[in-house]
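Shown next: input_31.csv, containing CSV, C-alpha atoms.
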```csv
chain,number,residue,atom,x,y,z
A,1,MET,CA,17.3,28.4,33.4
A,2,ASP,CA,20.7,27.3,34.6
A,3,ASN,CA,22.4,25.5,31.7
A,4,PHE,CA,26.0,26.9,32.2
A,5,GLY,CA,27.4,23.3,32.1
A,6,TYR,CA,26.0,22.6,28.6
A,7,LEU,CA,27.1,26.1,27.4
A,8,PHE,CA,30.6,25.5,28.8
A,9,ALA,CA,30.8,22.0,27.3
A,10,ALA,CA,29.7,23.2,23.8
A,11,PHE,CA,32.2,26.0,23.7
A,12,ALA,CA,35.0,23.9,25.1
A,13,ILE,CA,34.4,21.1,22.6
A,14,ILE,CA,34.2,23.5,19.7
A,15,TRP,CA,37.5,25.2,20.6
A,16,ILE,CA,39.4,22.1,21.5
A,17,LEU,CA,38.4,20.4,18.2
A,18,LEU,CA,39.2,23.5,16.2
A,19,PHE,CA,42.6,23.9,17.9
A,20,VAL,CA,43.5,20.2,17.4
A,21,TYR,CA,42.6,20.5,13.7
A,22,ILE,CA,44.6,23.6,13.1
A,23,PHE,CA,47.5,22.1,15.2
A,24,ILE,CA,47.5,18.9,13.0
A,25,ILE,CA,47.5,21.0,9.8
A,26,SER,CA,50.4,23.2,10.9
A,27,ARG,CA,52.5,20.3,12.2
A,28,ARG,CA,52.0,18.4,9.0
A,29,GLN,CA,52.8,21.5,7.0
A,30,LYS,CA,56.1,21.9,8.9
A,31,GLN,CA,57.0,18.2,8.3
A,32,ILE,CA,56.4,18.5,4.6
A,33,ARG,CA,58.5,21.7,4.3
A,34,ARG,CA,61.3,20.1,6.2
A,35,GLU,CA,61.3,17.1,4.0
A,36,ILE,CA,61.2,19.3,0.8
A,37,GLU,CA,64.3,21.2,2.1
A,38,ARG,CA,66.1,17.9,2.8
A,39,LEU,CA,65.3,16.5,-0.6
A,40,LYS,CA,66.2,19.7,-2.4
A,41,ALA,CA,69.6,19.6,-0.7
A,42,GLU,CA,69.9,15.9,-1.7
A,43,VAL,CA,69.1,16.7,-5.4
A,44,LYS,CA,71.7,19.4,-5.5
B,1,MET,CA,52.2,37.6,4.4
B,2,ILE,CA,48.5,37.4,3.5
B,3,ASN,CA,48.1,34.5,5.9
B,4,ARG,CA,49.7,36.4,8.7
B,5,ILE,CA,47.3,39.4,8.2
B,6,LEU,CA,44.4,36.9,8.0
B,7,LEU,CA,45.6,35.3,11.3
B,8,VAL,CA,45.7,38.7,13.1
B,9,VAL,CA,42.3,39.7,11.6
B,10,SER,CA,40.7,36.3,12.6
B,11,ALA,CA,42.1,36.5,16.1
B,12,ILE,CA,40.8,40.0,16.7
B,13,LEU,CA,37.4,39.1,15.2
B,14,MET,CA,37.2,35.9,17.4
B,15,ILE,CA,38.0,37.9,20.6
B,16,ALA,CA,35.4,40.4,19.6
B,17,ALA,CA,32.9,37.6,18.9
B,18,LEU,CA,33.6,36.0,22.3
B,19,TYR,CA,33.2,39.3,24.1
B,20,MET,CA,29.9,39.9,22.3
B,21,VAL,CA,28.6,36.4,22.9
B,22,PHE,CA,29.4,36.3,26.6
B,23,ILE,CA,29.2,39.9,27.8
B,24,PHE,CA,27.5,42.2,25.2
B,25,VAL,CA,24.5,40.3,24.0
B,26,PRO,CA,21.4,40.1,26.2
B,27,THR,CA,20.3,36.6,27.5
B,28,ASP,CA,17.3,35.1,25.6
B,29,VAL,CA,14.2,35.3,27.8
B,30,GLU,CA,12.8,31.9,26.6
B,31,MET,CA,15.9,29.6,26.5
B,32,GLY,CA,18.3,31.4,28.9
B,33,VAL,CA,22.1,31.2,28.6
B,34,ILE,CA,22.1,28.1,26.5
B,35,GLN,CA,20.8,30.1,23.5
B,36,ARG,CA,24.3,31.7,23.3
B,37,ILE,CA,25.4,28.5,21.5
B,38,PHE,CA,23.3,29.9,18.6
B,39,TYR,CA,26.0,32.5,17.9
B,40,PHE,CA,28.6,29.8,17.1
B,41,HIS,CA,26.2,27.1,15.8
B,42,VAL,CA,24.8,29.2,13.0
B,43,PRO,CA,28.2,30.6,11.7
B,44,MET,CA,29.6,27.1,11.7
B,45,GLY,CA,26.7,26.0,9.6
B,46,TRP,CA,27.2,29.0,7.3
B,47,VAL,CA,31.0,28.1,6.9
B,48,ALA,CA,30.1,24.5,6.1
B,49,PHE,CA,27.6,25.5,3.5
B,50,LEU,CA,30.1,28.0,2.0
B,51,ALA,CA,32.8,25.3,1.9
B,52,PHE,CA,30.5,22.8,0.2
B,53,PHE,CA,29.4,25.4,-2.3
B,54,LEU,CA,33.1,25.9,-3.2
B,55,VAL,CA,33.5,22.1,-3.5
B,56,PHE,CA,30.6,22.2,-5.9
B,57,LEU,CA,32.1,25.0,-8.1
B,58,ALA,CA,35.6,23.6,-8.0
B,59,SER,CA,34.4,20.1,-8.9
B,60,ILE,CA,32.4,21.4,-11.9
B,61,ILE,CA,35.5,23.3,-13.1
B,62,TYR,CA,37.7,20.3,-12.6
B,63,LEU,CA,35.4,18.0,-14.7
B,64,ALA,CA,35.3,20.7,-17.4
B,65,ARG,CA,39.0,21.5,-17.5
B,66,ARG,CA,40.7,18.5,-15.8
B,67,ASN,CA,43.2,20.8,-14.1
B,68,ARG,CA,44.6,19.2,-10.8
B,69,LYS,CA,44.5,22.5,-8.9
B,70,TRP,CA,40.7,22.5,-8.9
B,71,ASP,CA,40.7,19.0,-7.4
B,72,ILE,CA,43.1,20.2,-4.7
B,73,PHE,CA,40.9,23.2,-4.1
B,74,ALA,CA,37.7,21.0,-3.8
B,75,SER,CA,39.3,18.5,-1.4
B,76,SER,CA,40.7,21.2,0.8
B,77,SER,CA,37.4,23.0,1.0
B,78,ALA,CA,35.5,19.7,1.6
B,79,GLU,CA,37.8,18.8,4.5
B,80,ILE,CA,37.1,22.2,6.2
B,81,GLY,CA,33.4,21.8,5.4
B,82,LEU,CA,33.4,18.4,7.1
B,83,VAL,CA,35.1,19.7,10.2
B,84,PHE,CA,32.6,22.6,10.5
B,85,THR,CA,29.6,20.3,9.9
B,86,THR,CA,30.9,18.0,12.7
B,87,LEU,CA,31.2,21.0,15.0
B,88,MET,CA,27.7,22.2,14.0
B,89,LEU,CA,26.2,18.8,14.7
B,90,ILE,CA,28.0,18.5,18.1
B,91,SER,CA,27.0,22.0,19.2
B,92,GLY,CA,23.4,21.5,18.0
B,93,SER,CA,23.2,18.2,20.0
B,94,ILE,CA,24.5,19.9,23.2
B,95,TRP,CA,22.0,22.7,22.6
B,96,ALA,CA,19.1,20.2,22.1
B,97,LYS,CA,19.6,18.3,25.3
B,98,PRO,CA,18.5,21.0,27.8
B,99,VAL,CA,15.9,22.5,25.4
B,100,TRP,CA,14.3,19.4,23.9
B,101,GLY,CA,15.4,16.9,26.6
B,102,VAL,CA,17.2,14.6,24.1
B,103,TRP,CA,20.7,14.7,22.5
B,104,TRP,CA,19.3,13.7,19.1
B,105,THR,CA,16.0,13.4,17.3
B,106,TRP,CA,15.2,12.4,13.7
B,107,ASP,CA,13.9,15.8,12.9
B,108,PRO,CA,14.1,16.8,9.1
B,109,ARG,CA,16.7,19.5,9.7
B,110,LEU,CA,18.9,17.3,11.9
B,111,THR,CA,18.5,14.3,9.6
B,112,THR,CA,19.4,16.2,6.4
B,113,SER,CA,22.4,17.7,8.2
B,114,LEU,CA,23.6,14.2,9.2
B,115,VAL,CA,23.1,13.0,5.6
B,116,LEU,CA,25.3,15.9,4.5
B,117,TRP,CA,28.0,14.9,6.9
B,118,ILE,CA,27.8,11.2,5.7
B,119,ILE,CA,28.0,12.3,2.0
B,120,PHE,CA,31.2,14.2,2.7
B,121,VAL,CA,32.7,11.3,4.8
B,122,ALA,CA,31.9,9.2,1.6
B,123,TYR,CA,33.7,11.9,-0.4
B,124,PHE,CA,36.9,11.2,1.6
B,125,LEU,CA,36.4,7.4,1.5
B,126,VAL,CA,36.3,7.7,-2.3
B,127,ARG,CA,39.5,9.7,-2.3
B,128,SER,CA,41.2,7.2,0.0
B,129,TYR,CA,40.1,4.0,-1.9
B,130,LEU,CA,41.1,5.1,-5.4
B,131,ALA,CA,44.8,4.9,-6.1
B,132,ASP,CA,44.8,6.4,-9.6
B,133,ALA,CA,44.9,10.2,-9.2
B,134,ASP,CA,42.7,11.0,-12.2
B,135,ARG,CA,40.0,8.5,-11.3
B,136,ARG,CA,40.1,9.7,-7.7
B,137,ALA,CA,39.7,13.3,-8.7
B,138,ARG,CA,36.9,12.5,-11.2
B,139,PHE,CA,34.9,10.3,-8.8
B,140,ALA,CA,35.4,12.7,-5.9
B,141,ALA,CA,34.2,15.6,-8.1
B,142,VAL,CA,30.9,13.7,-8.9
B,143,VAL,CA,30.4,13.0,-5.2
B,144,GLY,CA,31.1,16.6,-4.4
B,145,ILE,CA,28.6,17.9,-6.9
B,146,ILE,CA,25.9,15.4,-5.8
B,147,GLY,CA,26.7,16.1,-2.1
B,148,PHE,CA,26.1,19.8,-2.5
B,149,ILE,CA,22.5,19.1,-3.6
B,150,ASP,CA,21.8,18.3,0.1
B,151,VAL,CA,22.8,21.8,1.2
B,152,PRO,CA,19.6,23.6,-0.1
B,153,ILE,CA,17.6,20.7,1.3
B,154,VAL,CA,19.1,21.2,4.7
B,155,ALA,CA,18.5,25.0,4.4
B,156,LEU,CA,14.9,24.6,3.4
B,157,ALA,CA,14.1,21.8,5.9
B,158,ILE,CA,13.0,24.3,8.5
B,159,THR,CA,10.5,26.1,6.1
B,160,LEU,CA,9.2,23.2,4.0
B,161,THR,CA,8.7,20.6,6.8
B,162,ARG,CA,7.2,20.5,10.3
B,163,THR,CA,10.3,20.6,12.5
B,164,GLN,CA,11.3,21.1,16.1
B,165,HIS,CA,14.3,23.1,15.0
B,166,PRO,CA,14.0,26.9,15.5
B,167,SER,CA,12.7,28.6,12.3
B,168,ALA,CA,14.7,31.0,10.2
B,169,ILE,CA,14.4,33.8,12.8
B,170,ILE,CA,17.3,35.7,11.2
B,171,PHE,CA,15.2,36.4,8.1
B,172,GLU,CA,11.9,36.8,9.9
B,173,GLY,CA,13.2,39.7,12.0
B,174,GLY,CA,13.0,37.7,15.3
B,175,LEU,CA,16.4,38.9,16.6
B,176,VAL,CA,16.8,42.2,18.5
B,177,PRO,CA,19.5,44.5,17.1
B,178,ALA,CA,22.2,43.5,19.7
B,179,MET,CA,21.6,39.8,18.9
B,180,MET,CA,21.7,40.4,15.1
B,181,MET,CA,24.9,42.4,15.5
B,182,THR,CA,26.5,39.6,17.6
B,183,LEU,CA,25.5,37.0,15.0
B,184,MET,CA,27.0,39.1,12.1
B,185,VAL,CA,30.3,39.6,14.0
B,186,CYS,CA,30.5,35.8,14.6
B,187,ILE,CA,29.7,35.0,11.0
B,188,ILE,CA,32.4,37.4,9.8
B,189,ALA,CA,34.9,36.0,12.3
B,190,PHE,CA,34.2,32.4,11.3
B,191,THR,CA,34.4,33.3,7.6
B,192,ALA,CA,37.8,34.9,8.1
B,193,LEU,CA,38.9,31.8,9.9
B,194,PHE,CA,37.6,29.6,7.1
B,195,VAL,CA,39.6,31.7,4.5
B,196,LEU,CA,42.7,31.4,6.6
B,197,VAL,CA,42.5,27.6,7.1
B,198,LEU,CA,41.6,27.1,3.4
B,199,ARG,CA,44.7,29.0,2.3
B,200,GLU,CA,46.9,27.1,4.8
B,201,ARG,CA,45.4,23.8,3.6
B,202,LEU,CA,45.9,24.7,-0.1
B,203,GLY,CA,49.5,25.7,0.6
B,204,MET,CA,50.0,22.3,2.3
B,205,LYS,CA,48.6,20.3,-0.6
B,206,TYR,CA,50.7,22.2,-3.1
B,207,ASP,CA,53.8,21.5,-0.9
B,208,ASP,CA,52.7,17.8,-0.8
B,209,GLU,CA,52.6,17.7,-4.6
B,210,GLU,CA,56.1,19.2,-4.8
B,211,LEU,CA,57.3,16.7,-2.2
B,212,LYS,CA,56.0,13.8,-4.4
B,213,LYS,CA,57.7,15.2,-7.5
B,214,LEU,CA,61.0,15.6,-5.5
B,215,LYS,CA,60.7,12.0,-4.2
B,216,GLU,CA,60.3,10.8,-7.9
B,217,LEU,CA,63.4,12.8,-8.9
B,218,VAL,CA,65.4,11.3,-6.0
B,219,ARG,CA,64.3,7.8,-6.9
B,220,ARG,CA,65.6,8.2,-10.5
```
Could you spell out this file's structure in structure tokens?
Amino acid sequence: MDNFGYLFAAFAIIWILLFVYIFIISRRQKQIRREIERLKAEVK
Amino acid sequence: MINRILLVVSAILMIAALYMVFIFVPTDVEMGVIQRIFYFHVPMGWVAFLAFFLVFLASIIYLARRNRKWDIFASSSAEIGLVFTTLMLISGSIWAKPVWGVWWTWDPRLTTSLVLWIIFVAYFLVRSYLADADRRARFAAVVGIIGFIDVPIVALAITLTRTQHPSAIIFEGGLVPAMMMTLMVCIIAFTALFVLVLRERLGMKYDDEELKKLKELVRR
């Protein structure tokens, strides 16, 4: 059976969604840390 | 430091898993190449169940002790569980199309899995609608505990009901050693990824808490 298209689609979707999720987390994490540093400097 | 080690370990395990899935493991004689989705579909289901089990435990501890850190832990784990349940449903649907001829069928296993997904979407709706932090944590904990009840129902749906979904071949010895080994490597790889993402998510939530406190301080 030739179902390479479905196999490719499944793996592509899984990896794209996983990367997008991890990218969003790490970007938000960086934003929060930057803001913490800025506020800490302001408090000092 | 631990997260960096986990990142390296997860990356090595994922590369090993991809090698085994696409090169090492033999092609299934009945389903052909599409069966290879199995090696990612099952580990994603396992990670989702593990995540929801942790939500269940953390929610019980939160209700008993009312310590915010358990609510943070539960919500972080629930988020990852929801992501992996979504991926499990999508990969299952793509697998179903060439094998069953349909993208979706109201089979007991699929239906209970979808119900699990809906319950944890509701978990986040509860969290977003309630402004008061204590009420939000309390209500979410209750939804998290009730939501976990669906996990054993999903797991047993293939043994207790008549279903189109493949049976529990892992426990019935239906996999040849190479297939079993590939599945185990994939399960370990996804579990390592789960631990890494959970630690990152927890770190982010703690930072978020610190940010809120700092904002309060600046406002005064």
Using all atoms listed in the file, I'd like a table of the residues in chain B that come within 8 Å of chain A; for each, show the closest atom pair and its distance in Å rounded to one decimal, ordered by chain and ascending number, as JSON lines.
```
{"residue": "B:Met31", "atom": "CA", "partner": "A:Met1", "partner_atom": "CA", "distance": 7.1}
{"residue": "B:Gly32", "atom": "CA", "partner": "A:Met1", "partner_atom": "CA", "distance": 5.5}
{"residue": "B:Val33", "atom": "CA", "partner": "A:Asn3", "partner_atom": "CA", "distance": 6.5}
{"residue": "B:Ile34", "atom": "CA", "partner": "A:Leu7", "partner_atom": "CA", "distance": 5.5}
{"residue": "B:Arg36", "atom": "CA", "partner": "A:Leu7", "partner_atom": "CA", "distance": 7.5}
{"residue": "B:Ile37", "atom": "CA", "partner": "A:Leu7", "partner_atom": "CA", "distance": 6.6}
{"residue": "B:Leu87", "atom": "CA", "partner": "A:Ile14", "partner_atom": "CA", "distance": 6.1}
{"residue": "B:Ile90", "atom": "CA", "partner": "A:Ala10", "partner_atom": "CA", "distance": 7.6}
{"residue": "B:Ser91", "atom": "CA", "partner": "A:Ala10", "partner_atom": "CA", "distance": 5.5}
{"residue": "B:Ile94", "atom": "CA", "partner": "A:Ala10", "partner_atom": "CA", "distance": 6.2}
{"residue": "B:Trp95", "atom": "CA", "partner": "A:Tyr6", "partner_atom": "CA", "distance": 7.2}
{"residue": "B:Pro98", "atom": "CA", "partner": "A:Asn3", "partner_atom": "CA", "distance": 7.1}
{"residue": "B:Val197", "atom": "CA", "partner": "A:Ile22", "partner_atom": "CA", "distance": 7.5}
{"residue": "B:Glu200", "atom": "CA", "partner": "A:Ile25", "partner_atom": "CA", "distance": 7.9}
{"residue": "B:Arg201", "atom": "CA", "partner": "A:Ile25", "partner_atom": "CA", "distance": 7.1}
{"residue": "B:Met204", "atom": "CA", "partner": "A:Gln29", "partner_atom": "CA", "distance": 5.5}
{"residue": "B:Asp207", "atom": "CA", "partner": "A:Ile32", "partner_atom": "CA", "distance": 6.8}
{"residue": "B:Asp208", "atom": "CA", "partner": "A:Ile32", "partner_atom": "CA", "distance": 6.6}
{"residue": "B:Glu210", "atom": "CA", "partner": "A:Ile36", "partner_atom": "CA", "distance": 7.6}
{"residue": "B:Leu211", "atom": "CA", "partner": "A:Ile36", "partner_atom": "CA", "distance": 5.6}
{"residue": "B:Leu214", "atom": "CA", "partner": "A:Leu39", "partner_atom": "CA", "distance": 6.6}
{"residue": "B:Lys215", "atom": "CA", "partner": "A:Leu39", "partner_atom": "CA", "distance": 7.4}
{"residue": "B:Leu217", "atom": "CA", "partner": "A:Val43", "partner_atom": "CA", "distance": 7.7}
{"residue": "B:Val218", "atom": "CA", "partner": "A:Val43", "partner_atom": "CA", "distance": 6.6}
```
Residues within 9 Å of (30.3, 15.0, 3.8), file coords, only C-alpha atoms, listed as a list in words: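 Residues with an atom close enough to that point: Phe52, Ala78, Glu79, Gly81, Leu82, Thr85, Leu114, Val115, Leu116, Trp117, Ile118, Ile119, Phe120, Val121, Ala122, Tyr123, Phe124, Gly144, Gly147 and Phe148 of chain B.
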Between atom CA of B:Leu57 and atom CA of B:Ala140, what distance in Å does the model show, to one decimal?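 Taking atom CA of B:Leu57 as the start and atom CA of B:Ala140 as the end point, the length is 12.9 Å.
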Taking only C-alpha atoms into account, which of B:Tyr129, B:Phe139, B:Phe38, B:Phe53 comes nearest B:Ser77?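 For B:Ser77, the nearest of the given residues is B:Phe53.
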